Amino acid sequence: MAFLASLVHVNDGRGSLGVGTNRRQIRPNRKTNTAMTTLDTGTKTGTQTGTLMPPPNTASKTSAQVSTGTQEKTGGARLTASDPIYGGILDFLIDEAALLDDDRHVEWLDCLADDIVYQMPVRKTVYRRNGDGFDGRNSHWDDNRQSLGMRVKRSVDLASAFDRDPPPHIRRMVTNLIVRKTDTPGEYAAMSYMLLLRNRFDAPTYDILSAKREDLIRRGSDGICKLARRLILLDQTALGAVFINVFM
Amino acid sequence: MMPLKRDSLARGTGPMLRDGTTLLDLIDLDRREVAMRVLSDPELYRLELQHIFARAWVGVAHVSELTNVGDFVVRHIGEDRVIVTRTFGGDVSVLLNVCAHRGFELCAAEEGNAASFKCPYHGWAFDGSGNLLGAPLEKEMYGDWDKSKYGLRRARVEVRAGIVFATFDTSDRSLDDWLGSAGWYIDRASHENRVPLGPPMRFHVNGNWKTFMDQGAGDNYHPLTLHRSLHEVGLLADLPGTGGSRSTFRSWNHVIVGNAEGNATFAFPPGFPTAVFDENADDFLAFEGRLFASSVFPQTVIWGPYVYPLPDGTTTTGSALWQVEPKGPDTFVMFLQNFIDRDAPEAVREVVRQSLSAQQAFVADDYEANLSLQRSARGELGRQQPLRYFAQGETTKPKGWPGPGIIFSPPQKDDGQWLFWRRWFTLMTEGAR
């Protein structure tokens, strides 16, 4: 392990890992006067929204907030399940999960916008008064198009990615979709639940990961959807297994 | 060349397992082999908690996690949860997270701020130093009682280079003794100038804690094969001479510093991995900016300073505290806590987060070894199978090397890892005497 950790850190930050490239920012809402930064836990009604707000000082534009919070927060109305746009986004998420389950990772990359921001913040166990424990200062995943591409390359192309070959058996269940408009035309905030089951070798049991996903979906005039942002909010603080390189 | 004689180690036969097996049946000090049973045996695991973890110095936190009075984090020493907190007196104290009255856990959260710790069960309350402050209806219940008798169990604490170390060992063994030569390197990593990037990342790994720590004690041989994906994906393409396996092996060109305490320090030349190791190069001796990783037997790995290149061509540095929290013979929790320069702006933190994320993509290889060895050790024949460390080398200290320890230049053999197993054997037998 020593070798890897050191290697990656001293690799050219602009190089193949895609680290340090410019991209759109999403940043947890910073609460002033608290030592810890937590993701905003949202509404006064007690609903946990995990709302992400743009950072106060970021230079780059954030065209929309990823949020499934209240209508007041997002400024976006909720689409009913009978809305054709809702249906299109649901189809997109189902197809996306199928591409991953079927080990068609390269095609999955086509689902991503070039400026994709893909994050899985660390969660911690805290008392209720301190929020829901999500803390975007540290992440299990903090990826962009380039680093996701590298993970995909590792997942499908390499002879020596031993965690990927034999391929793990993975099933992703996508449910509970809520879609809201955002301030940007053509961009939708999509909140969904994901239950991921993974089985390896001859194990009688599954590794389980469940999460709420807060996505920003960009829908073109042709109806084609791209994933512009994904925030994965886990239901676990110390993950139950090694889920490195398992896309949610 | 091994600095320790078998006789000095094998002073006792150590504990005997229920089937009559002794440690000397499981470890062959002459052939340098360990039976894989040591990875999977529940009885041995309980003995490890008793003889190793309950007596070990463990790096549990960074002082900057405890800036204000009452700040606390809950961490692990072995399987025991401990409260690490800043007291009103300004000290850092480490307390067993178990009420002195009836055993309820005092802190359920893993971080926060608390003026005192009140047990949810019967209400006994303790201050940050572990002193019993009072209890509900205490006059009626206990009359004129001596509260000083009922404090929390408190660890010995030493802060070294910004890292809080703690032990429940009742002997007078100092942190300095526990670290041995690793202390010299830890002191030079500037941890005290950093703050946590955020909360630790944690996940369960199917494996035995020793598999992880043993590899970290000097296995310079495995990257060639287990981490072959790094080469295949092109991450090492810019390294000179990575075309062939032998030169790839040499490209892992850091120095490994072992010691009799079972700790190993990796020291990298500046610019690793693009710089080729040259033991005569003067700049190799310039420790500033050098990467270090020191594994501290049995549970702690201290990293730093990392060098993170920034998009504008400058660099920043960070460091890390890793823990291997044992959770039974077959499981441990990997704990990754990263530190960043105190004044690092958000843009730098973002680069660091992305870099760490990318790092994980390839560290995945190592967890495959943990998983696979655990599968192997389940069977009767598998648990008899020896892990072999017979490749012996010479200590080769680069000219003018300023640090202490038992120093191995590349290509290293199995000596650093064997020092780890000797330490395991020593503590297991020592504890049973």
# chains A, B, ... in the order shown; residues from 1 in each chain; ligands from 1
>>> select_by_dssp(residues="region 170-224 of chain A", states="strand (DSSP E)", output="PyMOL selection string")
chain A and resi 170-181+187-199+207-219
>>> interface_residues(of="chain B", to="chain A", cutoff="7 Å", atoms="only C-alpha atoms", output="PyMOL selection string")
chain B and resi 109-111+197-199+201-205+216+228-229+232-233+235+272-273+306-311+351+353-355+357-366+368
>>> atom_distance(atom1="CA of Pro84 (chain A)", atom2="CA of Arg219 (chain A)")
12.1 Å
>>> atom_distance(atom1="CA of Trp418 (chain B)", atom2="CA of Lys399 (chain B)")
24.6 Å
>>> residues_around(residues="Glu214 (chain A)", least_positions_apart="5", cutoff="6 Å", atoms="only C-alpha atoms", output="ChimeraX atom specification")
/A:190-191,230-231
>>> residues_around(residues="Ile116 (chain A)", least_positions_apart="6", cutoff="7 Å", atoms="only C-alpha atoms", output="JSON, numbers by chain")
{"A": [144, 145, 227, 228, 229]}
>>> select_by_dssp(residues="region 78-223 of chain B", states="helix (DSSP H, G or I)", output="ChimeraX atom specification")
/B:138-142,147-150,175-179,182-186,191-193,209-216,223
>>> write_last_selection(atoms="N, CA and C atoms", output="PDB file, in the first residue's frame")
ATOM      1  N   GLU B 138     -26.943  11.057  44.318  1.00  0.00           N
ATOM      2  CA  GLU B 138     -25.746  10.380  44.821  1.00  0.00           C
ATOM      3  C   GLU B 138     -25.714  10.292  46.343  1.00  0.00           C
ATOM      4  N   LYS B 139     -26.283  11.297  47.037  1.00  0.00           N
ATOM      5  CA  LYS B 139     -26.309  11.204  48.511  1.00  0.00           C
ATOM      6  C   LYS B 139     -27.150  10.011  48.946  1.00  0.00           C
ATOM      7  N   GLU B 140     -28.331   9.882  48.300  1.00  0.00           N
ATOM      8  CA  GLU B 140     -29.221   8.782  48.666  1.00  0.00           C
ATOM      9  C   GLU B 140     -28.621   7.430  48.291  1.00  0.00           C
ATOM     10  N   MET B 141     -27.976   7.404  47.139  1.00  0.00           N
ATOM     11  CA  MET B 141     -27.443   6.129  46.660  1.00  0.00           C
ATOM     12  C   MET B 141     -26.145   5.747  47.363  1.00  0.00           C
ATOM     13  N   TYR B 142     -25.226   6.713  47.456  1.00  0.00           N
ATOM     14  CA  TYR B 142     -23.860   6.361  47.833  1.00  0.00           C
ATOM     15  C   TYR B 142     -23.373   7.072  49.091  1.00  0.00           C
ATOM     16  N   LYS B 147     -15.393   9.810  45.271  1.00  0.00           N
ATOM     17  CA  LYS B 147     -15.551   9.787  43.812  1.00  0.00           C
ATOM     18  C   LYS B 147     -14.248   9.499  43.082  1.00  0.00           C
ATOM     19  N   SER B 148     -13.148   9.768  43.732  1.00  0.00           N
ATOM     20  CA  SER B 148     -11.868   9.575  43.029  1.00  0.00           C
ATOM     21  C   SER B 148     -11.632   8.098  42.695  1.00  0.00           C
ATOM     22  N   LYS B 149     -12.408   7.227  43.322  1.00  0.00           N
ATOM     23  CA  LYS B 149     -12.223   5.793  43.061  1.00  0.00           C
ATOM     24  C   LYS B 149     -12.914   5.335  41.783  1.00  0.00           C
ATOM     25  N   TYR B 150     -13.785   6.202  41.223  1.00  0.00           N
ATOM     26  CA  TYR B 150     -14.655   5.715  40.159  1.00  0.00           C
ATOM     27  C   TYR B 150     -14.503   6.500  38.857  1.00  0.00           C
ATOM     28  N   LEU B 175       6.625   5.847  24.796  1.00  0.00           N
ATOM     29  CA  LEU B 175       6.371   5.934  23.360  1.00  0.00           C
ATOM     30  C   LEU B 175       7.685   5.867  22.594  1.00  0.00           C
ATOM     31  N   ASP B 176       8.698   6.510  23.120  1.00  0.00           N
ATOM     32  CA  ASP B 176      10.007   6.484  22.471  1.00  0.00           C
ATOM     33  C   ASP B 176      10.503   5.047  22.291  1.00  0.00           C
ATOM     34  N   ASP B 177      10.340   4.256  23.323  1.00  0.00           N
ATOM     35  CA  ASP B 177      10.752   2.853  23.239  1.00  0.00           C
ATOM     36  C   ASP B 177       9.918   2.105  22.201  1.00  0.00           C
ATOM     37  N   TRP B 178       8.642   2.435  22.138  1.00  0.00           N
ATOM     38  CA  TRP B 178       7.741   1.727  21.226  1.00  0.00           C
ATOM     39  C   TRP B 178       8.063   2.074  19.771  1.00  0.00           C
ATOM     40  N   LEU B 179       8.371   3.341  19.525  1.00  0.00           N
ATOM     41  CA  LEU B 179       8.641   3.772  18.152  1.00  0.00           C
ATOM     42  C   LEU B 179      10.022   3.337  17.682  1.00  0.00           C
ATOM     43  N   ALA B 182      11.689   4.723  14.315  1.00  0.00           N
ATOM     44  CA  ALA B 182      10.624   5.373  13.542  1.00  0.00           C
ATOM     45  C   ALA B 182      10.335   6.774  14.068  1.00  0.00           C
ATOM     46  N   GLY B 183      10.589   6.992  15.359  1.00  0.00           N
ATOM     47  CA  GLY B 183      10.316   8.301  15.933  1.00  0.00           C
ATOM     48  C   GLY B 183      11.108   9.407  15.252  1.00  0.00           C
ATOM     49  N   TRP B 184      12.326   9.100  14.901  1.00  0.00           N
ATOM     50  CA  TRP B 184      13.190  10.101  14.253  1.00  0.00           C
ATOM     51  C   TRP B 184      12.558  10.584  12.946  1.00  0.00           C
ATOM     52  N   TYR B 185      11.977   9.659  12.211  1.00  0.00           N
ATOM     53  CA  TYR B 185      11.394  10.026  10.920  1.00  0.00           C
ATOM     54  C   TYR B 185      10.043  10.719  11.106  1.00  0.00           C
ATOM     55  N   ILE B 186       9.258  10.241  12.065  1.00  0.00           N
ATOM     56  CA  ILE B 186       7.968  10.873  12.332  1.00  0.00           C
ATOM     57  C   ILE B 186       8.170  12.333  12.742  1.00  0.00           C
ATOM     58  N   HIS B 191       3.942  17.143  10.831  1.00  0.00           N
ATOM     59  CA  HIS B 191       2.510  16.935  11.045  1.00  0.00           C
ATOM     60  C   HIS B 191       1.883  18.053  11.857  1.00  0.00           C
ATOM     61  N   GLU B 192       2.674  18.650  12.743  1.00  0.00           N
ATOM     62  CA  GLU B 192       2.096  19.639  13.656  1.00  0.00           C
ATOM     63  C   GLU B 192       1.659  20.908  12.931  1.00  0.00           C
ATOM     64  N   ASN B 193       2.099  21.081  11.690  1.00  0.00           N
ATOM     65  CA  ASN B 193       1.709  22.285  10.944  1.00  0.00           C
ATOM     66  C   ASN B 193       0.457  22.074  10.110  1.00  0.00           C
ATOM     67  N   TRP B 209      -5.624  -8.090  10.198  1.00  0.00           N
ATOM     68  CA  TRP B 209      -4.845  -6.846  10.352  1.00  0.00           C
ATOM     69  C   TRP B 209      -3.369  -7.051  10.029  1.00  0.00           C
ATOM     70  N   LYS B 210      -2.856  -8.252  10.310  1.00  0.00           N
ATOM     71  CA  LYS B 210      -1.418  -8.468  10.090  1.00  0.00           C
ATOM     72  C   LYS B 210      -1.068  -8.514   8.607  1.00  0.00           C
ATOM     73  N   THR B 211      -2.012  -8.971   7.772  1.00  0.00           N
ATOM     74  CA  THR B 211      -1.719  -9.016   6.341  1.00  0.00           C
ATOM     75  C   THR B 211      -1.438  -7.609   5.818  1.00  0.00           C
ATOM     76  N   PHE B 212      -2.241  -6.667   6.302  1.00  0.00           N
ATOM     77  CA  PHE B 212      -2.054  -5.286   5.851  1.00  0.00           C
ATOM     78  C   PHE B 212      -0.769  -4.690   6.407  1.00  0.00           C
ATOM     79  N   MET B 213      -0.555  -4.866   7.704  1.00  0.00           N
ATOM     80  CA  MET B 213       0.597  -4.228   8.335  1.00  0.00           C
ATOM     81  C   MET B 213       1.911  -4.901   7.938  1.00  0.00           C
ATOM     82  N   ASP B 214       1.867  -6.176   7.677  1.00  0.00           N
ATOM     83  CA  ASP B 214       3.063  -6.905   7.249  1.00  0.00           C
ATOM     84  C   ASP B 214       3.508  -6.414   5.866  1.00  0.00           C
ATOM     85  N   GLN B 215       2.532  -6.229   4.994  1.00  0.00           N
ATOM     86  CA  GLN B 215       2.894  -5.709   3.672  1.00  0.00           C
ATOM     87  C   GLN B 215       3.501  -4.314   3.795  1.00  0.00           C
ATOM     88  N   GLY B 216       2.941  -3.533   4.716  1.00  0.00           N
ATOM     89  CA  GLY B 216       3.436  -2.182   4.914  1.00  0.00           C
ATOM     90  C   GLY B 216       4.801  -2.125   5.570  1.00  0.00           C
ATOM     91  N   PRO B 223       4.516  -4.915  -5.683  1.00  0.00           N
ATOM     92  CA  PRO B 223       3.984  -3.967  -6.682  1.00  0.00           C
ATOM     93  C   PRO B 223       4.184  -4.441  -8.112  1.00  0.00           C
TER      94      PRO B 223
END
>>> atom_distance(atom1="CA of Ala377 (chain B)", atom2="CA of Ser295 (chain B)")
24.4 Å
>>> residues_around(residues="region 174-189 of chain A", least_positions_apart="5", cutoff="6 Å", atoms="only C-alpha atoms", output="VMD selection string")
chain A and resid 66 76 to 79 194 215 to 219
>>> residues_around(residues="region 260-265 of chain B", least_positions_apart="5", cutoff="6 Å", atoms="only C-alpha atoms", output="ChimeraX atom specification")
/B:217,293-297,419-420,423
